[in-house]
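Enquirer: Have a peek at upload.txt (compact mmCIF, C-alpha atoms and all ligand atoms).
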# COMPACT_ATOMS: atom_id res chain seq x y z
CA MET K 1 9.64 27.98 -10.95
CA ASP K 2 9.68 29.26 -7.37
CA LEU K 3 6.53 27.36 -6.44
CA LEU K 4 7.98 24.01 -7.43
CA ASP K 5 11.34 24.66 -5.80
CA THR K 6 9.52 25.55 -2.60
CA LEU K 7 7.29 22.47 -2.73
CA THR K 8 10.21 20.16 -3.46
CA ALA K 9 12.19 21.57 -0.54
CA LYS K 10 9.20 21.21 1.77
CA GLY K 11 8.55 17.67 0.58
CA LEU K 12 12.12 16.64 1.26
CA ARG K 13 11.72 18.03 4.78
CA ARG K 14 8.24 16.50 5.24
CA GLU K 15 6.90 19.96 5.78
CA LEU K 16 3.25 20.79 5.09
CA PRO K 17 2.72 23.14 2.14
CA THR K 18 0.26 25.98 2.47
CA ARG K 19 -3.22 25.60 1.03
CA GLU K 20 -2.32 28.29 -1.51
CA GLU K 21 0.68 26.28 -2.68
CA ALA K 22 -1.42 23.12 -3.01
CA LEU K 23 -4.04 25.02 -4.99
CA ALA K 24 -1.33 26.51 -7.21
CA VAL K 25 -0.20 23.01 -8.23
CA LEU K 26 -3.71 22.26 -9.48
CA ALA K 27 -3.71 25.55 -11.42
CA THR K 28 -0.48 24.93 -13.34
CA THR K 29 -0.62 24.83 -17.14
CA ASP K 30 0.15 22.02 -19.54
CA ASP K 31 3.38 23.84 -20.43
CA GLU K 32 4.46 23.43 -16.81
CA LEU K 33 3.29 19.83 -16.44
CA LEU K 34 6.62 18.05 -16.84
CA ASP K 35 8.19 20.46 -14.35
CA VAL K 36 5.42 19.58 -11.88
CA VAL K 37 5.98 15.84 -12.42
CA SER K 38 9.74 16.29 -12.05
CA ALA K 39 9.38 18.23 -8.78
CA ALA K 40 6.97 15.69 -7.29
CA GLY K 41 9.26 12.92 -8.55
CA LYS K 42 12.15 14.24 -6.50
CA VAL K 43 10.02 13.97 -3.38
CA ARG K 44 8.80 10.50 -4.36
CA ARG K 45 12.34 9.22 -4.92
CA GLN K 46 13.57 10.69 -1.64
CA TRP K 47 11.13 8.57 0.37
CA PHE K 48 10.39 5.60 -1.90
CA GLY K 49 13.27 5.32 -4.36
CA ARG K 50 12.19 3.71 -7.62
CA ARG K 51 10.06 1.03 -6.01
CA VAL K 52 6.42 0.41 -6.96
CA LYS K 53 4.24 -1.45 -4.51
CA LEU K 54 1.62 -3.71 -6.07
CA ASN K 55 -1.72 -4.29 -4.37
CA TYR K 56 -4.35 -6.81 -5.37
CA LEU K 57 -8.10 -6.44 -4.88
CA VAL K 58 -10.35 -9.34 -3.93
CA ASN K 59 -14.02 -8.42 -3.98
CA LEU K 60 -15.44 -10.68 -1.25
CA LYS K 61 -19.04 -9.58 -1.78
CA SER K 62 -20.18 -7.60 -4.79
CA GLY K 63 -23.13 -5.28 -5.34
CA LEU K 64 -26.49 -5.14 -3.57
CA CYS K 65 -25.36 -2.45 -1.14
CA PRO K 66 -28.02 -0.53 0.82
CA GLU K 67 -25.92 2.65 0.86
CA ASP K 68 -26.32 5.33 -1.81
CA CYS K 69 -22.76 6.48 -2.57
CA SER K 70 -23.39 8.05 -5.95
CA TYR K 71 -19.95 7.21 -7.37
CA CYS K 72 -20.37 3.51 -6.71
CA SER K 73 -21.55 0.85 -9.15
CA GLN K 74 -22.61 -1.31 -6.18
CA ARG K 75 -24.89 1.33 -4.64
CA LEU K 76 -28.56 1.11 -3.82
CA GLY K 77 -30.47 1.36 -7.09
CA SER K 78 -27.42 1.00 -9.32
CA LYS K 79 -28.33 -0.12 -12.82
CA ALA K 80 -24.71 -0.90 -13.64
CA GLU K 81 -24.49 -4.45 -14.96
CA ILE K 82 -21.78 -5.53 -12.55
CA LEU K 83 -21.19 -8.94 -11.01
CA LYS K 84 -23.41 -9.44 -7.98
CA TYR K 85 -22.65 -12.15 -5.45
CA THR K 86 -22.63 -12.72 -1.74
CA TRP K 87 -19.64 -13.64 0.45
CA LEU K 88 -16.93 -15.75 -1.14
CA LYS K 89 -15.87 -18.70 0.96
CA PRO K 90 -12.49 -18.19 2.67
CA GLU K 91 -10.77 -20.69 0.39
CA GLN K 92 -12.22 -19.04 -2.73
CA ALA K 93 -10.97 -15.67 -1.56
CA ALA K 94 -7.58 -17.09 -0.62
CA GLU K 95 -7.28 -18.63 -4.07
CA ALA K 96 -7.93 -15.26 -5.71
CA ALA K 97 -5.42 -13.66 -3.34
CA ARG K 98 -2.79 -16.24 -4.28
CA ALA K 99 -3.16 -15.29 -7.94
CA GLY K 100 -2.43 -11.67 -7.09
CA VAL K 101 0.56 -12.53 -4.95
CA ALA K 102 1.91 -14.83 -7.66
CA GLY K 103 1.62 -11.87 -10.05
CA GLY K 104 3.79 -9.71 -7.81
CA ALA K 105 1.36 -8.15 -5.32
CA LYS K 106 2.67 -7.48 -1.85
CA ARG K 107 -0.67 -6.48 -0.32
CA VAL K 108 -4.06 -8.10 -0.74
CA CYS K 109 -7.10 -5.89 -0.20
CA LEU K 110 -10.19 -7.78 0.97
CA VAL K 111 -13.23 -5.68 0.13
CA ALA K 112 -16.93 -6.25 0.75
CA SER K 113 -19.87 -4.10 -0.26
CA GLY K 114 -22.26 -2.96 2.43
CA ARG K 115 -22.66 -0.34 5.12
CA GLY K 116 -20.45 -2.25 7.50
CA PRO K 117 -19.71 -5.76 8.72
CA THR K 118 -21.72 -7.81 11.20
CA ASP K 119 -19.78 -9.72 13.82
CA ARG K 120 -20.43 -12.85 11.73
CA ASP K 121 -18.85 -11.05 8.76
CA ILE K 122 -15.78 -10.36 10.88
CA ASP K 123 -15.61 -14.12 11.53
CA ARG K 124 -15.72 -14.82 7.79
CA VAL K 125 -13.02 -12.28 7.03
CA SER K 126 -10.90 -13.57 9.90
CA ASP K 127 -11.09 -17.07 8.41
CA THR K 128 -10.09 -15.63 5.04
CA ILE K 129 -7.11 -13.80 6.51
CA ALA K 130 -6.02 -17.04 8.18
CA ALA K 131 -6.26 -18.91 4.88
CA ILE K 132 -4.16 -16.28 3.12
CA LYS K 133 -1.53 -16.04 5.84
CA ASP K 134 -1.31 -19.81 6.23
CA ALA K 135 -0.21 -19.96 2.61
CA ASP K 136 2.20 -17.01 2.86
CA GLU K 137 2.68 -15.14 6.12
CA GLN K 138 4.52 -12.29 4.41
CA VAL K 139 1.45 -11.14 2.49
CA GLU K 140 0.07 -7.88 3.83
CA VAL K 141 -3.70 -7.98 4.27
CA CYS K 142 -5.87 -4.88 4.22
CA ALA K 143 -9.59 -5.17 4.99
CA CYS K 144 -12.17 -2.80 3.54
CA LEU K 145 -15.57 -3.66 4.95
CA GLY K 146 -17.27 -0.32 5.53
CA LEU K 147 -18.15 1.40 8.78
CA LEU K 148 -16.79 -0.41 11.83
CA SER K 149 -18.56 -0.92 15.14
CA ASP K 150 -16.79 -1.05 18.48
CA ASN K 151 -14.20 -3.85 18.83
CA GLN K 152 -14.41 -4.94 15.19
CA ALA K 153 -11.09 -3.32 14.33
CA GLU K 154 -9.48 -5.06 17.30
CA ARG K 155 -10.90 -8.38 16.11
CA LEU K 156 -9.49 -7.84 12.61
CA LYS K 157 -6.13 -6.93 14.07
CA ALA K 158 -6.14 -10.08 16.20
CA ALA K 159 -7.00 -12.11 13.11
CA GLY K 160 -3.86 -10.88 11.40
CA ALA K 161 -5.04 -7.91 9.35
CA ASP K 162 -2.29 -5.37 8.76
CA ALA K 163 -4.35 -2.44 7.55
CA TYR K 164 -7.88 -1.13 7.16
CA ASN K 165 -9.11 0.92 4.25
CA HIS K 166 -11.85 3.48 4.51
CA ASN K 167 -11.66 6.46 2.17
CA LEU K 168 -12.80 9.97 3.01
CA ASN K 169 -13.47 10.39 -0.72
CA THR K 170 -14.17 14.11 -0.83
CA SER K 171 -14.25 17.21 1.31
CA GLU K 172 -16.43 17.42 4.38
CA ALA K 173 -18.28 20.34 2.79
CA THR K 174 -19.41 18.32 -0.24
CA TYR K 175 -19.76 14.88 1.34
CA GLY K 176 -23.53 15.22 1.66
CA ASP K 177 -23.76 15.78 -2.10
CA ILE K 178 -22.38 12.34 -2.91
CA THR K 179 -23.86 10.21 -0.13
CA THR K 180 -26.86 10.63 2.14
CA THR K 181 -26.92 7.32 4.02
CA HIS K 182 -23.86 8.02 6.13
CA THR K 183 -21.75 11.06 6.92
CA TYR K 184 -18.21 12.27 6.55
CA ALA K 185 -17.94 12.10 10.34
CA ASP K 186 -18.91 8.40 10.20
CA ARG K 187 -15.98 7.80 7.86
CA VAL K 188 -13.52 9.71 10.01
CA ASP K 189 -14.73 7.71 13.01
CA THR K 190 -14.02 4.38 11.28
CA VAL K 191 -10.51 5.47 10.28
CA ALA K 192 -9.91 6.45 13.92
CA LYS K 193 -11.22 3.05 15.10
CA ALA K 194 -8.85 1.23 12.75
CA HIS K 195 -5.97 3.42 13.80
CA GLY K 196 -6.82 3.00 17.44
CA ALA K 197 -6.66 -0.78 17.09
CA GLY K 198 -3.15 -0.56 15.68
CA LEU K 199 -4.13 -1.18 12.07
CA SER K 200 -2.35 0.80 9.42
CA ALA K 201 -4.80 3.39 8.11
CA CYS K 202 -5.39 3.43 4.38
CA SER K 203 -7.66 6.29 3.37
CA GLY K 204 -7.92 8.21 0.15
CA LEU K 205 -10.10 10.15 -2.23
CA ILE K 206 -12.00 10.10 -5.49
CA ALA K 207 -11.31 12.88 -7.98
CA GLY K 208 -13.55 13.78 -10.89
CA MET K 209 -16.89 13.92 -9.13
CA GLY K 210 -17.33 17.59 -10.01
CA GLU K 211 -15.55 18.85 -6.92
CA SER K 212 -13.63 22.12 -6.86
CA ASP K 213 -9.89 22.45 -6.46
CA ALA K 214 -10.56 23.67 -2.91
CA ASP K 215 -12.48 20.45 -2.17
CA LEU K 216 -9.56 18.36 -3.39
CA VAL K 217 -7.11 20.29 -1.25
CA ASP K 218 -9.47 20.04 1.73
CA VAL K 219 -9.73 16.25 1.56
CA VAL K 220 -5.99 15.75 1.06
CA PHE K 221 -5.19 17.99 4.02
CA ALA K 222 -7.75 16.00 6.03
CA LEU K 223 -6.06 12.74 5.03
CA ARG K 224 -2.77 14.09 6.28
CA GLU K 225 -4.45 15.17 9.49
CA ILE K 226 -5.97 11.75 10.22
CA GLY K 227 -2.61 10.07 9.76
CA SER K 228 -3.28 7.88 6.74
CA ASP K 229 -0.22 5.79 5.86
CA SER K 230 -1.58 4.96 2.45
CA VAL K 231 -3.57 7.33 0.23
CA PRO K 232 -5.37 5.74 -2.72
CA VAL K 233 -6.18 8.34 -5.37
CA ASN K 234 -9.19 7.16 -7.34
CA PHE K 235 -10.24 8.80 -10.58
CA LEU K 236 -13.99 8.50 -10.98
CA ILE K 237 -15.12 5.81 -13.38
CA PRO K 238 -18.49 7.15 -14.52
CA PHE K 239 -20.34 3.85 -14.68
CA GLU K 240 -23.46 3.71 -16.81
CA GLY K 241 -26.36 3.13 -14.42
CA THR K 242 -25.02 5.36 -11.64
CA PRO K 243 -25.96 8.99 -10.92
CA LEU K 244 -22.55 10.19 -12.04
CA ALA K 245 -22.47 8.45 -15.40
CA GLN K 246 -22.13 11.77 -17.22
CA GLU K 247 -19.27 13.11 -15.10
CA TRP K 248 -16.28 12.96 -17.40
CA ASN K 249 -14.28 15.79 -15.84
CA LEU K 250 -10.72 14.53 -15.90
CA THR K 251 -7.87 14.77 -18.37
CA PRO K 252 -4.63 12.81 -18.08
CA GLN K 253 -2.87 16.11 -17.33
CA ARG K 254 -5.27 16.97 -14.53
CA CYS K 255 -4.81 13.51 -13.01
CA LEU K 256 -1.06 14.12 -12.88
CA ARG K 257 -1.55 17.52 -11.21
CA ILE K 258 -3.81 15.91 -8.61
CA LEU K 259 -1.26 13.16 -7.92
CA ALA K 260 1.48 15.77 -7.59
CA MET K 261 -0.57 17.82 -5.14
CA VAL K 262 -1.19 14.71 -3.04
CA ARG K 263 2.54 13.91 -3.09
CA PHE K 264 3.48 17.41 -1.94
CA VAL K 265 0.92 17.38 0.90
CA CYS K 266 1.71 13.79 1.95
CA PRO K 267 5.36 13.44 0.91
CA ASP K 268 6.36 10.31 2.84
CA VAL K 269 3.07 8.43 2.54
CA GLU K 270 2.24 5.61 0.14
CA VAL K 271 0.45 7.41 -2.68
CA ARG K 272 -1.44 4.81 -4.68
CA ILE K 273 -2.95 5.32 -8.11
CA ALA K 274 -6.23 3.45 -7.68
CA GLY K 275 -9.40 3.00 -9.74
CA GLY K 276 -9.62 4.89 -13.03
CA ARG K 277 -5.88 4.72 -13.77
CA GLU K 278 -6.27 3.19 -17.21
CA VAL K 279 -9.46 5.11 -18.02
CA HIS K 280 -8.15 8.58 -17.21
CA LEU K 281 -4.34 8.56 -17.32
CA ARG K 282 -4.31 6.33 -20.37
CA SER K 283 -0.97 6.59 -22.21
CA LEU K 284 0.39 8.89 -19.47
CA GLN K 285 0.24 6.14 -16.82
CA PRO K 286 4.07 5.85 -16.68
CA LEU K 287 4.32 9.52 -15.69
CA GLY K 288 2.00 8.71 -12.79
CA LEU K 289 4.62 6.28 -11.51
CA GLU K 290 7.08 9.16 -11.27
CA ILE K 291 4.80 10.61 -8.55
CA ALA K 292 2.95 7.69 -6.95
CA ASN K 293 4.77 4.69 -5.48
CA SER K 294 1.90 2.21 -5.51
CA ILE K 295 -0.76 0.86 -7.87
CA PHE K 296 -3.28 -1.97 -8.06
CA LEU K 297 -2.29 -4.97 -10.12
CA GLY K 298 -4.80 -6.24 -12.66
CA ASP K 299 -8.51 -5.76 -12.13
CA TYR K 300 -10.52 -3.59 -9.76
CA LEU K 301 -13.63 -4.49 -7.78
CA THR K 302 -16.27 -4.18 -10.47
CA SER K 303 -14.24 -3.03 -13.47
CA GLU K 304 -11.37 -4.56 -15.40
CA GLY K 305 -7.93 -3.01 -15.48
CA GLN K 306 -5.27 -3.63 -18.05
CA ALA K 307 -3.60 -7.04 -18.07
CA GLY K 308 -1.44 -7.69 -15.04
CA GLN K 309 1.50 -8.34 -17.36
CA ALA K 310 0.97 -4.90 -18.90
CA ASP K 311 1.27 -3.38 -15.40
CA LEU K 312 4.54 -5.21 -14.86
CA ASP K 313 5.86 -4.25 -18.30
CA MET K 314 4.98 -0.60 -17.70
CA ILE K 315 6.86 -0.57 -14.39
CA LYS K 316 9.93 -2.13 -15.96
CA ASP K 317 9.87 0.05 -19.08
CA ALA K 318 9.63 3.20 -16.96
CA GLY K 319 12.73 2.18 -15.01
CA PHE K 320 11.03 1.21 -11.76
CA THR K 321 11.14 -2.05 -9.81
CA VAL K 322 8.36 -3.98 -8.12
CA GLU K 323 8.70 -3.74 -4.34
CA GLY K 324 9.51 -7.12 -2.84
CA ALA K 325 7.86 -8.76 0.16
CA GLY K 326 11.03 -8.25 2.21
CA GLU K 327 11.27 -4.52 1.47
CA ALA K 328 9.66 -1.91 3.68
CA THR K 329 7.14 0.29 1.93
CA LEU K 330 7.24 3.25 4.30
CA PRO K 331 10.36 5.24 5.18
CA ARG K 332 12.00 4.19 8.43
CA HIS K 333 10.55 7.03 10.51
CA ARG K 334 7.00 6.15 9.50
CA ALA K 335 7.49 2.41 9.73
CA ASP K 336 8.81 2.76 13.29
CA ALA K 337 5.85 4.89 14.27
CA ALA K 338 3.49 2.42 12.63
CA ALA K 339 5.06 -0.49 14.47
CA ALA K 340 4.72 1.33 17.78
CA ALA K 341 1.09 2.08 17.09
CA SER K 342 0.46 -1.49 16.04
CA GLU K 343 1.92 -2.74 19.30
CA HIS K 344 0.14 -0.37 21.59
CA GLY K 345 -2.82 0.86 19.57
CA CYS K 346 -2.84 4.45 18.59
CA GLY K 347 -6.01 5.42 20.36
CA THR K 348 -6.80 8.17 17.98
CA ALA K 349 -5.89 9.45 14.60
CA THR K 350 -2.89 11.64 14.96
CA PRO K 351 -2.94 15.25 13.89
CA GLY K 352 -0.17 16.08 11.54
CA GLY K 353 -0.53 12.63 10.05
CA CYS K 354 1.34 12.16 6.82
CA GLY K 355 4.68 12.56 8.43
CA SER K 356 5.10 16.23 8.97
CA ALA K 357 8.39 17.09 10.54
CA ALA K 358 6.47 19.33 12.89
CA SER K 359 4.28 16.47 14.00
CA GLY K 360 7.11 14.23 14.93
CA ALA K 361 8.08 12.55 11.73
CA GLY K 362 4.87 10.94 10.84
CA THR K 363 2.70 9.11 13.15
CA ALA K 364 1.07 5.88 13.58
CA ALA K 365 0.57 3.31 11.12
CA ASP K 366 -1.45 3.32 8.27
CA ALA K 367 -8.93 1.23 0.23
CA ALA K 368 -10.09 1.44 -3.94
CA ASP K 369 -12.52 0.51 -7.06
CA GLY K 370 -16.01 0.35 -6.01
CA GLY K 371 -16.25 -0.95 -2.53
CA HIS K 372 -15.87 1.71 -0.05
CA ALA K 373 -14.33 3.89 -2.64
CA CYS K 374 -11.77 1.41 -3.65
CA GLY K 375 -12.00 3.03 -6.99
CA SER K 376 -14.33 0.91 -9.00
CA GLY K 377 -17.10 3.16 -8.27
CA GLY K 378 -17.35 6.35 -10.00
CA CYS K 379 -19.73 9.12 -9.80
CA GLY K 380 -19.87 12.78 -10.24
CA PRO K 381 -21.20 15.14 -7.72
CA CYS K 382 -24.87 14.81 -7.09
CA GLY K 383 -25.12 18.49 -6.56
CA GLY K 384 -23.23 21.57 -7.43
CA HIS K 385 -21.22 20.42 -10.38
CA VAL K 386 -18.06 22.45 -10.82
CA PRO K 387 -16.90 22.97 -14.40
CA ALA K 388 -13.38 22.10 -15.51
CA PRO K 389 -10.82 24.69 -14.42
CA ALA K 390 -10.27 27.69 -16.68
CA GLY K 391 -8.13 26.85 -19.66
CA GLU K 392 -8.65 23.13 -19.17
CA GLU K 393 -10.83 21.09 -21.44
CA ALA K 394 -13.15 18.59 -19.82
CA ASP K 395 -12.30 15.04 -20.79
CA GLU K 396 -14.19 13.34 -23.54
CA ALA K 397 -16.44 10.52 -22.41
CA ARG K 398 -14.27 7.43 -22.87
CA THR K 399 -17.01 4.92 -22.18
CA ASP K 400 -15.13 2.56 -24.52
CA LEU K 401 -12.49 2.19 -21.79
CA VAL K 402 -14.92 1.21 -19.03
CA ARG K 403 -15.13 -2.56 -18.86
CA VAL K 404 -17.25 -4.31 -16.25
CA ARG K 405 -15.30 -7.07 -14.53
CA ARG K 406 -16.34 -10.52 -15.79
CA ARG K 407 -13.43 -12.64 -14.53
CA GLY K 408 -11.73 -13.53 -11.28
CA ALA K 409 -13.48 -13.59 -7.90
CA GLY K 410 -17.13 -14.58 -8.13
CA THR K 411 -16.75 -16.12 -11.60
CA GLU K 412 -15.47 -19.34 -13.10
CA LEU K 413 -12.77 -17.50 -15.03
CA ALA K 414 -9.18 -17.03 -13.95
CA PRO K 415 -8.33 -13.70 -12.32
CA ASN K 416 -6.29 -11.06 -14.10
CA ALA K 417 -3.11 -10.78 -12.10
S1 LIG K 501 -18.93 2.69 -1.60
FE1 LIG K 501 -19.29 0.95 -0.20
S2 LIG K 501 -20.98 1.69 1.15
FE2 LIG K 501 -20.96 3.07 -0.62
S3 LIG K 501 -22.48 2.17 -2.05
FE3 LIG K 501 -20.44 1.35 -2.64
S4 LIG K 501 -20.26 -0.63 -1.54
FE4 LIG K 501 -21.93 0.56 -0.57
Starting from the file, lay out its structure as structure tokens.

Expert:
Amino acid sequence: MDLLDTLTAKGLRRELPTREEALAVLATTDDELLDVVSAAGKVRRQWFGRRVKLNYLVNLKSGLCPEDCSYCSQRLGSKAEILKYTWLKPEQAAEAARAGVAGGAKRVCLVASGRGPTDRDIDRVSDTIAAIKDADEQVEVCACLGLLSDNQAERLKAAGADAYNHNLNTSEATYGDITTTHTYADRVDTVAKAHGAGLSACSGLIAGMGESDADLVDVVFALREIGSDSVPVNFLIPFEGTPLAQEWNLTPQRCLRILAMVRFVCPDVEVRIAGGREVHLRSLQPLGLEIANSIFLGDYLTSEGQAGQADLDMIKDAGFTVEGAGEATLPRHRADAAAAASEHGCGTATPGGCGSAASGAGTAADAADGGHACGSGGCGPCGGHVPAPAGEEADEARTDLVRVRRRGAGTELAPNA
């Protein structure tokens, strides 16, 4: 298939595909699916071998958010029966983080609901980072606290944070349909602040909110443009009690096409299968590993994932290995650029981002379930629903697979890791 040969060759050269090529991936048929996975897999293996990076979510503060992100179970007015609690103490959070690291996670993602942190919140998170790094200085820490004000990213960096997550979620054109309390530009600004402070930028999307193929391509091209080092791909979990509870728009096959498109557009970037993996990919999860090089271990922010041991078994059975703490995630050219940005601060998100050859081999350094689109959320588009693509059946509502998190952080029960 000429399209796939072209995309593989471009991916191996870190060359940006055209929009038409990215759209064509999303329009491939089920008969072509394994060819699509195979082509994206060649690109994945070129830059990431057979390693899978494990990330572990710690929900520092759950629910009761004043923002109205319609995909999110923690939103203003959510009727989802999720855990609701205020800030964990640093030692409580560090204990949860230790469970994830003991289970094989290399990165811990500290997430808090809310529009953005106060300076006091930055103090709390700084204390938490210190508690985690005191126990194991090799653990990567990513913070996901919402919209940042001036100097907050610098304070997190000084406290030892390695990365900051803030997802763009969907295209600029449709952003106002899913959230009214902040803008797409606000989100881009926070990613730029994190980047400017020398934090690795982690920014991704949510698929399945009723967006069009063009919207998906738009947001992935934007993520490349802003220089995200890590791209979490969330598949909407349509939580009961949220505006998007009826939005079951994804099939396992469509999820794989979306992952492949992201891999072709961002070939040398950490592509992470985030929230909704078990719900939407289901028995095809191992094929997702052929494309993505990163997943979350265990549970998400407000929903439960499969058992951590099942994640590890899946990785082993599919012939992959868990990335160790001493192994670099990013290819050398990106890691070097990230290190330079971390040392000097990037100043601004870098056009050409995800490592285009034309942009100078990837630029500066581098979030999922619920939180700020860390993938626990889940909604469909609040306006302008787009039907499933021609020839593709919409997914059946698998509400039986959506399990609200009842263990781990904020509870008396042991975490799933
Ligand atoms: S995504 Fe973040 S800001 Fe939006 S409603 Fe959920 S917790 Fe609040």

Enquirer: Pick from K:Asp229, K:Asp336, K:Glu32, K:Asp268: nearest to Glu15 of chain K, with only C-alpha atoms counted?

Expert: K:Asp268

Enquirer: Considering all atoms listed in the file, return as a list in words whatever protein or nucleic-acid residues lie within 10 Å of Asn151 of chain K, sequence-local ones (same chain, fewer than 6 positions apart) excluded.

Expert: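 Close residues of Asn151 of chain K: Asp119, Lys157, Lys193, Ala194 and Ala197 of chain K.
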
Enquirer: Nearest to ligand LIG 501 (chain K): which of K:Val101, K:Leu33, K:Ala131, K:Ile206 is it, counting only C-alpha atoms and all ligand atoms?

Expert: K:Ile206

Enquirer: Counting only C-alpha atoms, which residues of segment 92-141 of chain K fall within 8 Å of segment 325-328 of chain K, and what is the closest atom pair for each with its distance in Å at one decimal, ordered by chain and rising number, as a tab-separated table?

Expert:
residue	atom	partner	partner_atom	distance
K:Lys106	CA	K:Ala325	CA	5.7
K:Gln138	CA	K:Ala325	CA	6.5
K:Val139	CA	K:Ala325	CA	7.2

Enquirer: Can you measure atom CA of Thr8 of chain K to atom CA of Pro232 of chain K for me? One decimal in Å is fine.

Expert: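 According to the coordinates, atom CA of Thr8 of chain K and atom CA of Pro232 of chain K are separated by 21.2 Å.
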
Enquirer: From the options K:Ala112, K:Ala245, K:Ala143, K:Val233, which residue's atoms come nearest to ligand LIG 501 (chain K), counting all atoms listed in the file?

Expert: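 Of the candidates, the smallest distance to ligand LIG 501 (chain K) is held by K:Ala112.
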
Enquirer: Which residue out of K:Leu16, K:Leu281, K:Val111, K:Leu64 has the minimum interatomic distance to Asn165 of chain K when only C-alpha atoms are used?

Expert: K:Val111

Enquirer: Do you have the atom CA of Gly100 of chain K-atom CA of Thr190 of chain K distance handy?

Expert: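 Distance reported for this atom pair: 27.0 Å.
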
Enquirer: Taking the point (7.8, 17.6, -9.7) as given in the file, collect each protein or nucleic acid residue that comes within 9 Å of it, counting all atoms listed in the file, and present the set as a PyMOL selection string.

Expert: chain K and resi 4-5+7-8+33-44+260+264+290-291

Enquirer: Can you measure atom CA of Glu67 of chain K to atom CA of Thr180 of chain K for me? One decimal in Å is fine.

Expert: 8.1 Å

Enquirer: Using all atoms listed in the file, which protein or nucleic acid residues come within 10 Å of Phe296 of chain K? Drop anything in the same chain fewer than 4 positions from it, and give the result as JSON, numbers by chain.

Expert: {"K": [53, 54, 55, 56, 57, 100, 105, 107, 108, 109, 232, 272, 273, 274, 275, 277, 300, 305, 308, 311, 368, 369, 417]}

Enquirer: Given all atoms listed in the file as the basis, pick out the residue of K:Arg257, K:Arg224, K:His333, K:Arg120 nearest to Leu23 of chain K.

Expert: K:Arg257
